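To start, the structure itself, in structure tokens.
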Amino acid sequence: MSSHKKGPWKKEMASLVVPSGAKQAGFQSKLGITRSSARSYGMQREAQLMRQMSTRLFLHAADAAKRKGKEGPVEVEMMYSGGNLFIGTNRNVTARTIYKTLSYRESTREALVEKSYFSTSKSIGGRIEKRHTRKLEERVFDKSARQSWRSAPGLSKGEIQSRKRTGELARMVRRVEPEILDLGSSKGIRDAFSGTGGVYILHGGEEGRHVEEKFMDVLETAGHQGRSIVAGKMRPCLTCSGRMEHMKHSGHDIQFNPHPGKVWISRFEDQPGKVRSHTIRLAQTKHTYRSSTGWGYGSDSDSD
């Protein structure tokens with residue numbers, strides 16, 4: 001008999017969800033599925049840039065793994081916190097690939113804007129790739145386009161500030177040499193928050209652990225409760241959303257996609273009771289969200 005038959009899943013979650021029947025398995029809300037399409041990132045440009053970069057780095061890491069005959073990534077996510085950029089993956093081999101790539105300006109540019117990972121721009125992935133590479137070229141690498149975007153007329157104060165912070169993120173990716181952040185080193189994590197402007201690639205910890213959980217572990221270890229933005233290629237699953245809601249309830253200022261995806265038994269049962277209560281509340285009140293293009297993207301499109 002599998003362990004979840006006697007565990008929290010059967011007692012607390014099983015009655016709220018149904019099997020998704022999708023290739024990636026998992027369970028979806030009994031309330032149903034909501035398909036999301038285009039969304040606006042007005043005054044959330046940092047999240048928009050992190051989503052675009054995460055998607056490109058995911059494709060780059062998947063391509064590298066395929067060429068080497070290794071297992072590819074499942075997710076790549078980013079967190080902007082304490083004036084630093086943290087990049088997380090579900091596999092250490094992916095983390096090392098991203099670290100090597102971002103260590104050089106040439107390979108950074110190739111991964112983010114130059115290389116094509118789809119045979120045609122007419123496919124779903126090809127259309128997303130074309131849109132992301134255009135925006136990344138304009139907002140990360142093209143100096144004239146960056147300045148025009150940041151100083152566009154008629155912007156609200158909130159949008160101006162968001163674009164300014166996004167410009168700083170872009171500068172960090174272009175110019176700052178990344179560092180490996182060992183998740184087993186509490187001192188290393190605390191030291192990362194002692195300054196600003198760093199780019200850190202998360203490494204170590206439980207292989208396969210969802211990235212948002214890793215980010216929350218980092219914030220708890222550092223004791224950092226200031227503004228943190230979490231965004232990436234994929235929307236957070238229900239358990240990761242529950243963990244971040246728990247952190248917000250505990251006094252952390254965290255911004256993330258409020259529309260959760262599916263839930264997995266093992267991830268739910270790994271959570272302590274005080275965190276599971278937030279995950280359960282979401283399961284009781286939220287639909288399961290997916291992009292109109294499939295489970296693999298946070299949303300179908302993003303507004304200029």
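In the structure tokens, the first chain shown is A, the next is B, and so on; residue numbers restart at 1 for each chain, and ligands run from 1 in the order shown.
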Which residues, written as a PyMOL selection string, have at least one atom at most 8 Å from region 143-154 of chain A, with only C-alpha atoms counted and residues fewer than 4 positions away on the same chain left out? chain A and resi 138-139+160+163-164+167
Taking only region 120-267 of chain A into account, list the residues labelled strand (DSSP E) by DSSP (computed from the backbone), as a PyMOL selection string. chain A and resi 179-182+199-203+228-232+254-255
How would the residues just picked look written out with C-alpha atoms as a PDB file, in the first residue's frame?
ATOM      1  CA  GLU A 179      27.976  32.849  -8.372  1.00  0.00           C
ATOM      2  CA  ILE A 180      26.916  29.373  -7.285  1.00  0.00           C
ATOM      3  CA  LEU A 181      24.828  29.562  -4.111  1.00  0.00           C
ATOM      4  CA  ASP A 182      25.099  26.350  -2.102  1.00  0.00           C
ATOM      5  CA  VAL A 199      23.428  37.038  -9.521  1.00  0.00           C
ATOM      6  CA  TYR A 200      23.171  33.685  -7.729  1.00  0.00           C
ATOM      7  CA  ILE A 201      22.503  30.233  -9.191  1.00  0.00           C
ATOM      8  CA  LEU A 202      20.945  27.904  -6.626  1.00  0.00           C
ATOM      9  CA  HIS A 203      22.738  24.552  -6.310  1.00  0.00           C
ATOM     10  CA  SER A 228      10.678  39.604  -3.338  1.00  0.00           C
ATOM     11  CA  ILE A 229       9.353  38.908  -6.839  1.00  0.00           C
ATOM     12  CA  VAL A 230       9.112  35.313  -8.056  1.00  0.00           C
ATOM     13  CA  ALA A 231       8.522  34.539 -11.749  1.00  0.00           C
ATOM     14  CA  GLY A 232       9.653  32.078 -14.377  1.00  0.00           C
ATOM     15  CA  ILE A 254       6.308  38.222  -1.838  1.00  0.00           C
ATOM     16  CA  GLN A 255       4.824  38.821  -5.275  1.00  0.00           C
TER      17      GLN A 255
END
Env of Ala283 (chain A): 10 Å cut, atoms = only C-alpha atoms, seq-sep filter 2 positions within chain, self excluded. Answer as a list in words. Met13, Ser15, Leu16, Val17, Gln28, Ser29, Lys30, Leu31, Leu238, Thr239, Gly242, Pro260, Lys262, Val263, Ser277, His278, Thr279, Ile280, Arg281, Thr285, Lys286, His287 and Thr288 of chain A
Smallest atom-to-atom distance to Gln225 (chain A): which of A:Gly126, A:Gly82, A:Gly205, A:Pro8, using only C-alpha atoms? A:Gly82
May I ask for the distance between CA of Pro73 (chain A) and CA of Gly32 (chain A), given in Å to one decimal place?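 Interatomic distance, CA of Pro73 (chain A) to CA of Gly32 (chain A): 27.9 Å.
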Do you know which residues are at most 9 Å from region 100-104 of chain A counting only C-alpha atoms, after dropping those on the same chain fewer than 2 positions away, and could you put them as a count of residues only? 18
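Across the structure, CA of Ser162 (chain A) and CA of Glu77 (chain A) are spaced 19.2 Å apart.
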List every residue of region 108-140 of chain A that has an atom at most 9 Å from any atom of region 45-56 of chain A, and for each one report the closest atom pair and its distance in Å to one decimal, counting only C-alpha atoms, with rows sorted by chain and then by increasing residue number, as a tab-separated table.
residue	atom	partner	partner_atom	distance
A:Ala111	CA	A:Arg56	CA	6.6
A:Leu112	CA	A:Arg56	CA	5.5
A:Val113	CA	A:Arg56	CA	8.0
A:Glu129	CA	A:Arg56	CA	7.7
A:His132	CA	A:Gln52	CA	5.7
A:Thr133	CA	A:Gln52	CA	8.2
A:Lys135	CA	A:Gln52	CA	8.3
A:Leu136	CA	A:Gln52	CA	7.4
A:Arg139	CA	A:Leu49	CA	8.3
A:Ala170, A:Leu85, A:Ile265, A:Ala62 ranked by distance to Gly197 (chain A), top pick (using only C-alpha atoms): A:Leu85
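If you look at CA of Thr89 (chain A) and CA of Val76 (chain A), they are 4.7 Å away from each other.
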Which residues are close to Arg91 (chain A), i.e. within 9 Å by only C-alpha atoms, leaving aside same-chain residues fewer than 6 positions away? Reply as a PyMOL selection string. chain A and resi 72-75+203-204+206-209
As number ranges by chain, please: all residues of region 1-132 of chain A that backbone DSSP puts in helix (DSSP H, G or I). A: 3-5, 8-16, 45-68, 92-102, 105-114, 124-132
Which of these, A:Met43, A:Tyr289, A:Tyr117, A:Glu168, has the shortest distance to Ala61 (chain A) once you count only C-alpha atoms?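 Among the listed residues, A:Tyr117 lies closest to Ala61 (chain A).
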